[in-house]
Amino acid sequence: MARKVATFLVSFFGLCLVSGGQRARAQVVDSEGHQWWQHAVFYEVYPRSFADSNNDGIGDLNGITTKLDYLKDLGVDAIWMAPCYPSPQVDFGYDVSDFEDIDPMYGTLGDFGRLVSGSCARGIRIIMDFVMNHTSDRHQWFLDSKSSRNSAYRHWYIWRDGKGPGQPPNNWLAVFGGPAWKFDPTTGQYYYHFFYPEQPDLNWRNPAVKEAMFDVTRYWYKRGVAGFRLDAVDALFEDPELRDNPLLPGTSSQGRPSMVNKYNDKLPEVHDVLKELRKVADAYGAVLIGETWTDDIDELKKYYGEHGDELQMPMDFMFTTVNKLSPPEFRRQIAMVESSGGWPVYVLGNHDITRSYDRYGDRQHNDAIAKVMAGLYLTLRGTPIMYYGEEIGMENNDPKSKEDVKDPIGKLGWPMFRGRDGERTPMQWNDDPNAGFSRATPWLPVPPSYKTHNVARELEDPESVLQLYKHLLALRHQNRALLDGDYVALNENDAKVLAYLRRYKSETVLVALNMSAVPQKVRIDLSPQNLSSATARTLLTTRRDWPKEASLRKLSLEPFEVYIAEISK
Ligand code: GLC
């Protein structure tokens with residue numbers, strides 16, 4: 001019996017078997033070869049802002065643990081946590097000073113263990129953020145590296161002489177402003193940083209760096225982590241000759257010279273490292289998700305690996321650049337990703353992007369539009385990654401004055417760019433002060449809309465954004481066509497309604513999304529699919545009168561309606 005239970009746990013959860021004192025993980029594949037992460041819904045938690053259990057104004061791991069039932073009930077299968085490692089917090093955790101511990105502000109390794117086992121018991125996996133490209137300038141490796149030109153860690157980072165007095169080695173610019181080089185007077189050389197000067201880049205050409213970083217992933221796999229989201233993976237390598245980047249005419253929106261990051265971004269060597277990192281991941285049945293800012297489909301394709309041997313889940317950020325409710329543009333983007341041959345990974349937002357509620361919203365129908373966007377990315381072929389708060393229609397709360405800005409790039413870019421604080425505000429749990437996130441003043445303020453947009457209130461309201469998310473996720477989890485079916489675009493000339501089929505063996509589901517504020521009547525012609533006389537049995541709709549069946553010859557859709565139906569002959 002015990003064995004039976006253990007077998008069930010492994011096949012169901014994949015990560016819960018404890019053998020010989022160590023967590024082991026079996027590759028969880030269904031009878032048709034689908035991997036667990038293909039059927040999973042991922043959810044990004046920004047730990048500073050999710051739930052504050054010790055009331056110091058900053059979220060923590062125990063806070064997340066108290067919300068596991070909520071996440072389970074919502075339909076989340078895997079939580080990706082933004083970094084919670086020790087960090088001086090210059091970039092709010094993306095400047096890691098120790099890869100193998102938890103920052104005391106978030107808790108302890110013991111708390112982490114409890115979060116993993118609590119998640120595991122609910123069939124939820126934990127994905128950590130792996131900040132591979134750089135460390136904090138307070139990491140022991142860097143402190144050692146900068147102490148002397150002969151330090152054992154000197155070549156763990158990228159040090160070079162300047163071109164001349166006061167002149168950096170080349171013209172590269174940091175993403176977060178200013179030159180990408182900082183002079184260090186102790187050893188009289190410059191070090192390279194793609195982001196802030198407090199985030200020196202690791203030298204991935206050094207095999208010792210590679211091994212140490214691969215070991216970091218093993219360390220967490222052994223602690224029950226089911227995979228990693230790879231931070232800034234595009235930027236791992238630099239041209240060994242440090243050639244100047246080509247300049248473009250004009251300046252960027254922040255008034256800096258425009259430049260193509262030809263020699264310090266997306267170098268082919270990235271793929272060699274990813275193949276090796278994947279081998280380590282495979283030994284633990286883990287999944288690798290990429291923060292892959294690709295410009296076109298060919299770049300995205302490369303991240304899957306020629307033989308599917310790199311990232312299982314490179315995120316499609318091109319999808320987030322379609323910033324209007326435009327069926328033709330979404331259709332084009334979906335078709336492109338479909339053509340990659342890989343398993344698509346859709347995101348609407350994250351801790352670096354203005355919330356989707358504001359990006360797509362027209363300020364009049366924002367809730368309805370939030371539902372249409374959910375109807376879209378939760379029914380496409382692929383794995384969705386949600387961002388906390390999206391499910392309740394959380395909006396950006398951008399700083400009102402420069403003094404309020406916490407994100408350093410917001411101070412730098414003010415007033416044109418107010419930084420990323422707005423999309424990182426505390427999760428809105430109820431209408432208590434600070435939205436129930438903390439009894440102390442939170443590190444970022446909640447927007448006034450927390451009174452109407454919060455978990456407690458939306459759980460009571462059958463028409464809330466949250467209820468729609470819950471229904472959609474429940475449907476998605478049990479509907480084979482939505483999980484595994486092909487994507488078939490319909491009515492490709494329609495500029496208002498985005499319609500498609502998901503087809504799996506004999507099961508067919510129709511999704512029709514009215515992306516306009518006007519009622520629409522559409523004719524869905526399924527004769528090419530040999531389904532011309534089919535009827536549509538409603539599975540889910542946002543309209544109040546729930547029609548059991550609908551006519552495909554004249555499908556009426558209310559403004560911003562989400563309509564999902566099962567098609568049968
Ligand atoms: C990634 C993170 C972002 C961070 C940057 C530097 O883009 O998502 O928040 O600032 O990497 O680590």
# chains A, B, ... in the order shown; residues from 1 in each chain; ligands from 1
$ residues_around --residues "A:Phe42" --least-positions-apart "2" --cutoff "7 Å" --atoms "only C-alpha atoms" --output "PyMOL selection string"
chain A and resi 40+44+76-80+384-386
$ write_last_selection --atoms "C-alpha atoms" --output "JSON list (two decimals), in the first residue's frame"
[["chain", "number", "residue", "atom", "x", "y", "z"],
["A", 40, "ALA", "CA", 0.34, 23.25, -16.04],
["A", 44, "GLU", "CA", 4.54, 34.42, -11.01],
["A", 76, "VAL", "CA", -2.37, 27.17, -10.33],
["A", 77, "ASP", "CA", 0.02, 24.25, -10.85],
["A", 78, "ALA", "CA", 3.41, 25.91, -10.52],
["A", 79, "ILE", "CA", 4.63, 29.04, -8.77],
["A", 80, "TRP", "CA", 7.58, 30.92, -10.23],
["A", 384, "PRO", "CA", 0.37, 30.30, -19.81],
["A", 385, "ILE", "CA", 2.34, 32.10, -17.13],
["A", 386, "MET", "CA", 0.12, 34.37, -15.08]]
$ residues_near_ligand --ligand "ligand 1" --cutoff "9 Å" --atoms "only C-alpha atoms and all ligand atoms" --output "count of residues only"
26
$ select_by_dssp --residues "stretch 443-527 of chain A" --states "helix (DSSP H, G or I)" --output "number ranges by chain"
A: 448-451, 455-460, 465-478, 480-484, 527
$ write_last_selection --atoms "N, CA and C atoms" --output "mmCIF file, in the first residue's frame"
data_model
loop_
_atom_site.group_PDB
_atom_site.id
_atom_site.type_symbol
_atom_site.label_atom_id
_atom_site.label_comp_id
_atom_site.auth_asym_id
_atom_site.auth_seq_id
_atom_site.Cartn_x
_atom_site.Cartn_y
_atom_site.Cartn_z
ATOM 1 N N PRO A 448 -6.053 52.957 -5.124
ATOM 2 C CA PRO A 448 -7.394 53.066 -4.513
ATOM 3 C C PRO A 448 -8.353 51.967 -4.981
ATOM 4 N N SER A 449 -8.118 51.435 -6.183
ATOM 5 C CA SER A 449 -9.060 50.432 -6.721
ATOM 6 C C SER A 449 -9.050 49.121 -5.933
ATOM 7 N N TYR A 450 -8.199 49.025 -4.897
ATOM 8 C CA TYR A 450 -8.205 47.777 -4.112
ATOM 9 C C TYR A 450 -9.548 47.575 -3.416
ATOM 10 N N LYS A 451 -10.287 48.658 -3.242
ATOM 11 C CA LYS A 451 -11.597 48.544 -2.570
ATOM 12 C C LYS A 451 -12.559 47.682 -3.391
ATOM 13 N N VAL A 455 -9.399 39.991 -3.691
ATOM 14 C CA VAL A 455 -9.779 38.572 -3.738
ATOM 15 C C VAL A 455 -11.098 38.339 -3.003
ATOM 16 N N ALA A 456 -11.209 38.861 -1.772
ATOM 17 C CA ALA A 456 -12.392 38.563 -0.958
ATOM 18 C C ALA A 456 -13.673 39.004 -1.669
ATOM 19 N N ARG A 457 -13.646 40.218 -2.189
ATOM 20 C CA ARG A 457 -14.863 40.724 -2.831
ATOM 21 C C ARG A 457 -15.174 39.968 -4.119
ATOM 22 N N GLU A 458 -14.136 39.681 -4.861
ATOM 23 C CA GLU A 458 -14.370 39.026 -6.160
ATOM 24 C C GLU A 458 -14.806 37.571 -6.005
ATOM 25 N N LEU A 459 -14.446 36.974 -4.878
ATOM 26 C CA LEU A 459 -14.920 35.603 -4.651
ATOM 27 C C LEU A 459 -16.441 35.589 -4.445
ATOM 28 N N GLU A 460 -16.961 36.695 -3.973
ATOM 29 C CA GLU A 460 -18.409 36.799 -3.717
ATOM 30 C C GLU A 460 -19.194 37.154 -4.967
ATOM 31 N N VAL A 465 -13.734 39.355 -12.405
ATOM 32 C CA VAL A 465 -12.612 38.863 -13.221
ATOM 33 C C VAL A 465 -12.085 37.557 -12.603
ATOM 34 N N LEU A 466 -12.000 37.539 -11.290
ATOM 35 C CA LEU A 466 -11.470 36.341 -10.607
ATOM 36 C C LEU A 466 -12.316 35.101 -10.913
ATOM 37 N N GLN A 467 -13.638 35.258 -10.881
ATOM 38 C CA GLN A 467 -14.494 34.086 -11.155
ATOM 39 C C GLN A 467 -14.275 33.582 -12.582
ATOM 40 N N LEU A 468 -14.087 34.520 -13.504
ATOM 41 C CA LEU A 468 -13.862 34.093 -14.890
ATOM 42 C C LEU A 468 -12.547 33.304 -14.975
ATOM 43 N N TYR A 469 -11.519 33.797 -14.306
ATOM 44 C CA TYR A 469 -10.238 33.069 -14.308
ATOM 45 C C TYR A 469 -10.435 31.658 -13.739
ATOM 46 N N LYS A 470 -11.167 31.593 -12.628
ATOM 47 C CA LYS A 470 -11.352 30.272 -12.002
ATOM 48 C C LYS A 470 -12.090 29.318 -12.941
ATOM 49 N N HIS A 471 -13.146 29.818 -13.588
ATOM 50 C CA HIS A 471 -13.908 28.959 -14.509
ATOM 51 C C HIS A 471 -13.031 28.529 -15.681
ATOM 52 N N LEU A 472 -12.284 29.495 -16.207
ATOM 53 C CA LEU A 472 -11.438 29.179 -17.365
ATOM 54 C C LEU A 472 -10.378 28.141 -17.014
ATOM 55 N N LEU A 473 -9.764 28.335 -15.851
ATOM 56 C CA LEU A 473 -8.697 27.400 -15.471
ATOM 57 C C LEU A 473 -9.257 26.014 -15.186
ATOM 58 N N ALA A 474 -10.448 25.976 -14.584
ATOM 59 C CA ALA A 474 -11.060 24.671 -14.315
ATOM 60 C C ALA A 474 -11.373 23.974 -15.642
ATOM 61 N N LEU A 475 -11.915 24.733 -16.586
ATOM 62 C CA LEU A 475 -12.262 24.145 -17.886
ATOM 63 C C LEU A 475 -10.999 23.646 -18.594
ATOM 64 N N ARG A 476 -9.984 24.481 -18.582
ATOM 65 C CA ARG A 476 -8.726 24.153 -19.235
ATOM 66 C C ARG A 476 -8.114 22.868 -18.673
ATOM 67 N N HIS A 477 -8.220 22.692 -17.375
ATOM 68 C CA HIS A 477 -7.602 21.517 -16.761
ATOM 69 C C HIS A 477 -8.295 20.213 -17.136
ATOM 70 N N GLN A 478 -9.610 20.308 -17.430
ATOM 71 C CA GLN A 478 -10.266 19.023 -17.716
ATOM 72 C C GLN A 478 -10.624 18.833 -19.185
ATOM 73 N N ARG A 480 -9.530 18.150 -22.831
ATOM 74 C CA ARG A 480 -8.386 17.638 -23.579
ATOM 75 C C ARG A 480 -8.063 18.508 -24.805
ATOM 76 N N ALA A 481 -9.124 19.004 -25.460
ATOM 77 C CA ALA A 481 -8.875 19.830 -26.650
ATOM 78 C C ALA A 481 -8.150 21.114 -26.267
ATOM 79 N N LEU A 482 -8.528 21.699 -25.127
ATOM 80 C CA LEU A 482 -7.843 22.927 -24.699
ATOM 81 C C LEU A 482 -6.421 22.629 -24.242
ATOM 82 N N LEU A 483 -6.214 21.457 -23.671
ATOM 83 C CA LEU A 483 -4.861 21.127 -23.206
ATOM 84 C C LEU A 483 -3.932 20.781 -24.359
ATOM 85 N N ASP A 484 -4.410 19.917 -25.230
ATOM 86 C CA ASP A 484 -3.481 19.340 -26.210
ATOM 87 C C ASP A 484 -3.857 19.567 -27.662
ATOM 88 N N SER A 527 -16.911 24.028 -42.716
ATOM 89 C CA SER A 527 -16.904 22.986 -43.757
ATOM 90 C C SER A 527 -15.483 22.492 -44.063
#
$ residues_around --residues "A:Gly308" --least-positions-apart "2" --cutoff "12 Å" --atoms "only C-alpha atoms" --output "list in words"
His271, Leu274, Lys275, Arg278, Lys279, Leu288, Lys301, Lys302, Tyr303, Tyr304, Gly305, Glu306, Glu310, Leu311, Gln312, Met313, Pro314, Ser340, Gly341, Gly342 and Trp343 of chain A
$ atom_distance --atom1 "atom CA of A:Asn491" --atom2 "atom CA of A:Asp525"
8.0 Å
$ atom_distance --atom1 "atom CA of A:Tyr263" --atom2 "atom CA of A:His307"
25.9 Å
$ residues_around --residues "A:Gly422" --least-positions-apart "3" --cutoff "6 Å" --atoms "only C-alpha atoms" --output "compact mmCIF listing (two decimals) with all heavy atoms, in the first residue's frame"
# COMPACT_ATOMS: atom_id res chain seq x y z
N ASN A 396 -1.90 49.07 -12.60
CA ASN A 396 -0.64 49.70 -12.22
C ASN A 396 -0.90 50.84 -11.25
O ASN A 396 -1.91 51.53 -11.37
CB ASN A 396 0.06 50.29 -13.45
CG ASN A 396 1.23 49.45 -13.88
OD1 ASN A 396 1.03 48.28 -14.19
ND2 ASN A 396 2.43 50.00 -13.87
N ASN A 397 0.01 51.01 -10.31
CA ASN A 397 -0.06 52.18 -9.44
C ASN A 397 1.29 52.88 -9.53
O ASN A 397 2.16 52.68 -8.69
CB ASN A 397 -0.39 51.75 -8.01
CG ASN A 397 -0.76 52.93 -7.14
OD1 ASN A 397 -1.19 53.97 -7.66
ND2 ASN A 397 -0.59 52.79 -5.83
N ASP A 398 1.46 53.66 -10.58
CA ASP A 398 2.76 54.29 -10.81
C ASP A 398 3.00 55.41 -9.81
O ASP A 398 2.06 56.08 -9.38
CB ASP A 398 2.80 54.84 -12.25
CG ASP A 398 2.83 53.71 -13.26
OD1 ASP A 398 3.51 52.70 -12.99
OD2 ASP A 398 2.17 53.82 -14.31
$ residues_around --residues "A:Glu198" --least-positions-apart "5" --cutoff "8 Å" --atoms "only C-alpha atoms" --output "list in words"
Val90, Asp95, Ser136, Asp137, Arg138 and His193 of chain A
$ write_last_selection --atoms "N, CA and C atoms" --output "mmCIF file, in the first residue's frame"
data_model
loop_
_atom_site.group_PDB
_atom_site.id
_atom_site.type_symbol
_atom_site.label_atom_id
_atom_site.label_comp_id
_atom_site.auth_asym_id
_atom_site.auth_seq_id
_atom_site.Cartn_x
_atom_site.Cartn_y
_atom_site.Cartn_z
ATOM 1 N N VAL A 90 19.378 46.241 -4.567
ATOM 2 C CA VAL A 90 19.517 47.376 -5.485
ATOM 3 C C VAL A 90 18.525 47.200 -6.630
ATOM 4 N N ASP A 95 19.932 41.236 -7.770
ATOM 5 C CA ASP A 95 21.352 41.405 -7.468
ATOM 6 C C ASP A 95 21.634 40.449 -6.308
ATOM 7 N N SER A 136 25.479 40.152 -7.395
ATOM 8 C CA SER A 136 25.576 41.462 -6.740
ATOM 9 C C SER A 136 27.062 41.814 -6.630
ATOM 10 N N ASP A 137 27.362 43.096 -6.539
ATOM 11 C CA ASP A 137 28.767 43.463 -6.315
ATOM 12 C C ASP A 137 29.194 43.135 -4.877
ATOM 13 N N ARG A 138 28.231 42.669 -4.059
ATOM 14 C CA ARG A 138 28.596 42.244 -2.696
ATOM 15 C C ARG A 138 28.717 40.721 -2.592
ATOM 16 N N HIS A 193 29.189 45.449 -16.723
ATOM 17 C CA HIS A 193 27.858 45.182 -16.161
ATOM 18 C C HIS A 193 26.794 45.517 -17.212
#
$ select_by_dssp --residues "stretch 156-324 of chain A" --states "strand (DSSP E)" --output "mmCIF file with N, CA and C atoms, in the first residue's frame"
data_model
loop_
_atom_site.group_PDB
_atom_site.id
_atom_site.type_symbol
_atom_site.label_atom_id
_atom_site.label_comp_id
_atom_site.auth_asym_id
_atom_site.auth_seq_id
_atom_site.Cartn_x
_atom_site.Cartn_y
_atom_site.Cartn_z
ATOM 1 N N TRP A 159 36.975 41.758 -16.603
ATOM 2 C CA TRP A 159 37.824 42.907 -16.272
ATOM 3 C C TRP A 159 38.654 43.275 -17.492
ATOM 4 N N ARG A 160 38.774 44.555 -17.782
ATOM 5 C CA ARG A 160 39.620 44.999 -18.897
ATOM 6 C C ARG A 160 40.240 46.352 -18.582
ATOM 7 N N TRP A 181 30.515 49.848 -18.268
ATOM 8 C CA TRP A 181 31.797 49.573 -17.610
ATOM 9 C C TRP A 181 31.960 50.463 -16.395
ATOM 10 N N LYS A 182 32.492 49.887 -15.330
ATOM 11 C CA LYS A 182 32.788 50.724 -14.163
ATOM 12 C C LYS A 182 34.261 50.552 -13.778
ATOM 13 N N PHE A 183 34.904 51.690 -13.577
ATOM 14 C CA PHE A 183 36.317 51.663 -13.209
ATOM 15 C C PHE A 183 36.448 51.335 -11.723
ATOM 16 N N ASP A 184 37.386 50.433 -11.429
ATOM 17 C CA ASP A 184 37.630 50.081 -10.039
ATOM 18 C C ASP A 184 39.053 50.503 -9.679
ATOM 19 N N GLN A 189 41.345 48.634 -13.204
ATOM 20 C CA GLN A 189 40.682 48.126 -14.421
ATOM 21 C C GLN A 189 39.172 48.384 -14.353
ATOM 22 N N TYR A 190 38.540 48.193 -15.500
ATOM 23 C CA TYR A 190 37.082 48.320 -15.576
ATOM 24 C C TYR A 190 36.442 46.940 -15.493
ATOM 25 N N TYR A 191 35.253 46.860 -14.869
ATOM 26 C CA TYR A 191 34.477 45.618 -14.974
ATOM 27 C C TYR A 191 33.192 45.910 -15.726
ATOM 28 N N TYR A 192 32.677 44.837 -16.318
ATOM 29 C CA TYR A 192 31.524 44.959 -17.209
ATOM 30 C C TYR A 192 30.224 44.638 -16.479
ATOM 31 N N GLY A 227 12.193 23.494 -11.220
ATOM 32 C CA GLY A 227 12.730 24.123 -12.423
ATOM 33 C C GLY A 227 13.149 25.550 -12.136
ATOM 34 N N PHE A 228 13.612 26.212 -13.190
ATOM 35 C CA PHE A 228 14.075 27.591 -13.050
ATOM 36 C C PHE A 228 13.525 28.459 -14.164
ATOM 37 N N ARG A 229 13.338 29.722 -13.818
ATOM 38 C CA ARG A 229 13.107 30.747 -14.826
ATOM 39 C C ARG A 229 14.467 31.434 -14.958
ATOM 40 N N LEU A 230 15.020 31.405 -16.164
ATOM 41 C CA LEU A 230 16.375 31.905 -16.374
ATOM 42 C C LEU A 230 16.338 33.387 -16.705
ATOM 43 N N LEU A 247 26.315 52.024 -33.859
ATOM 44 C CA LEU A 247 25.375 53.063 -33.416
ATOM 45 C C LEU A 247 24.296 53.259 -34.467
ATOM 46 N N LEU A 248 23.124 53.620 -34.020
ATOM 47 C CA LEU A 248 22.027 53.933 -34.940
ATOM 48 C C LEU A 248 21.813 55.436 -34.916
ATOM 49 N N PRO A 249 21.214 55.981 -35.975
ATOM 50 C CA PRO A 249 20.940 57.428 -35.932
ATOM 51 C C PRO A 249 19.950 57.747 -34.793
ATOM 52 N N GLY A 250 20.059 58.910 -34.237
ATOM 53 C CA GLY A 250 19.095 59.369 -33.224
ATOM 54 C C GLY A 250 19.395 58.845 -31.832
ATOM 55 N N THR A 251 18.449 59.135 -30.932
ATOM 56 C CA THR A 251 18.626 58.710 -29.545
ATOM 57 C C THR A 251 17.427 57.880 -29.102
ATOM 58 N N PRO A 257 22.253 57.459 -26.700
ATOM 59 C CA PRO A 257 22.539 57.070 -28.086
ATOM 60 C C PRO A 257 21.875 55.731 -28.384
ATOM 61 N N SER A 258 21.344 55.587 -29.579
ATOM 62 C CA SER A 258 20.735 54.304 -29.958
ATOM 63 C C SER A 258 21.824 53.381 -30.466
ATOM 64 N N MET A 259 21.746 52.145 -30.065
ATOM 65 C CA MET A 259 22.821 51.220 -30.402
ATOM 66 C C MET A 259 22.256 49.827 -30.585
ATOM 67 N N VAL A 287 12.209 21.698 -15.336
ATOM 68 C CA VAL A 287 11.859 22.486 -16.508
ATOM 69 C C VAL A 287 12.633 23.808 -16.496
ATOM 70 N N LEU A 288 13.046 24.255 -17.683
ATOM 71 C CA LEU A 288 13.743 25.535 -17.805
ATOM 72 C C LEU A 288 12.884 26.502 -18.611
ATOM 73 N N ILE A 289 12.631 27.636 -18.001
ATOM 74 C CA ILE A 289 11.812 28.686 -18.621
ATOM 75 C C ILE A 289 12.739 29.851 -18.929
ATOM 76 N N GLY A 290 12.609 30.438 -20.102
ATOM 77 C CA GLY A 290 13.567 31.491 -20.436
ATOM 78 C C GLY A 290 12.963 32.874 -20.464
ATOM 79 N N MET A 313 10.666 25.886 -22.189
ATOM 80 C CA MET A 313 9.674 26.962 -22.183
ATOM 81 C C MET A 313 10.294 28.356 -22.361
ATOM 82 N N PRO A 314 10.731 28.696 -23.586
ATOM 83 C CA PRO A 314 11.149 30.087 -23.785
ATOM 84 C C PRO A 314 9.898 30.965 -23.872
#
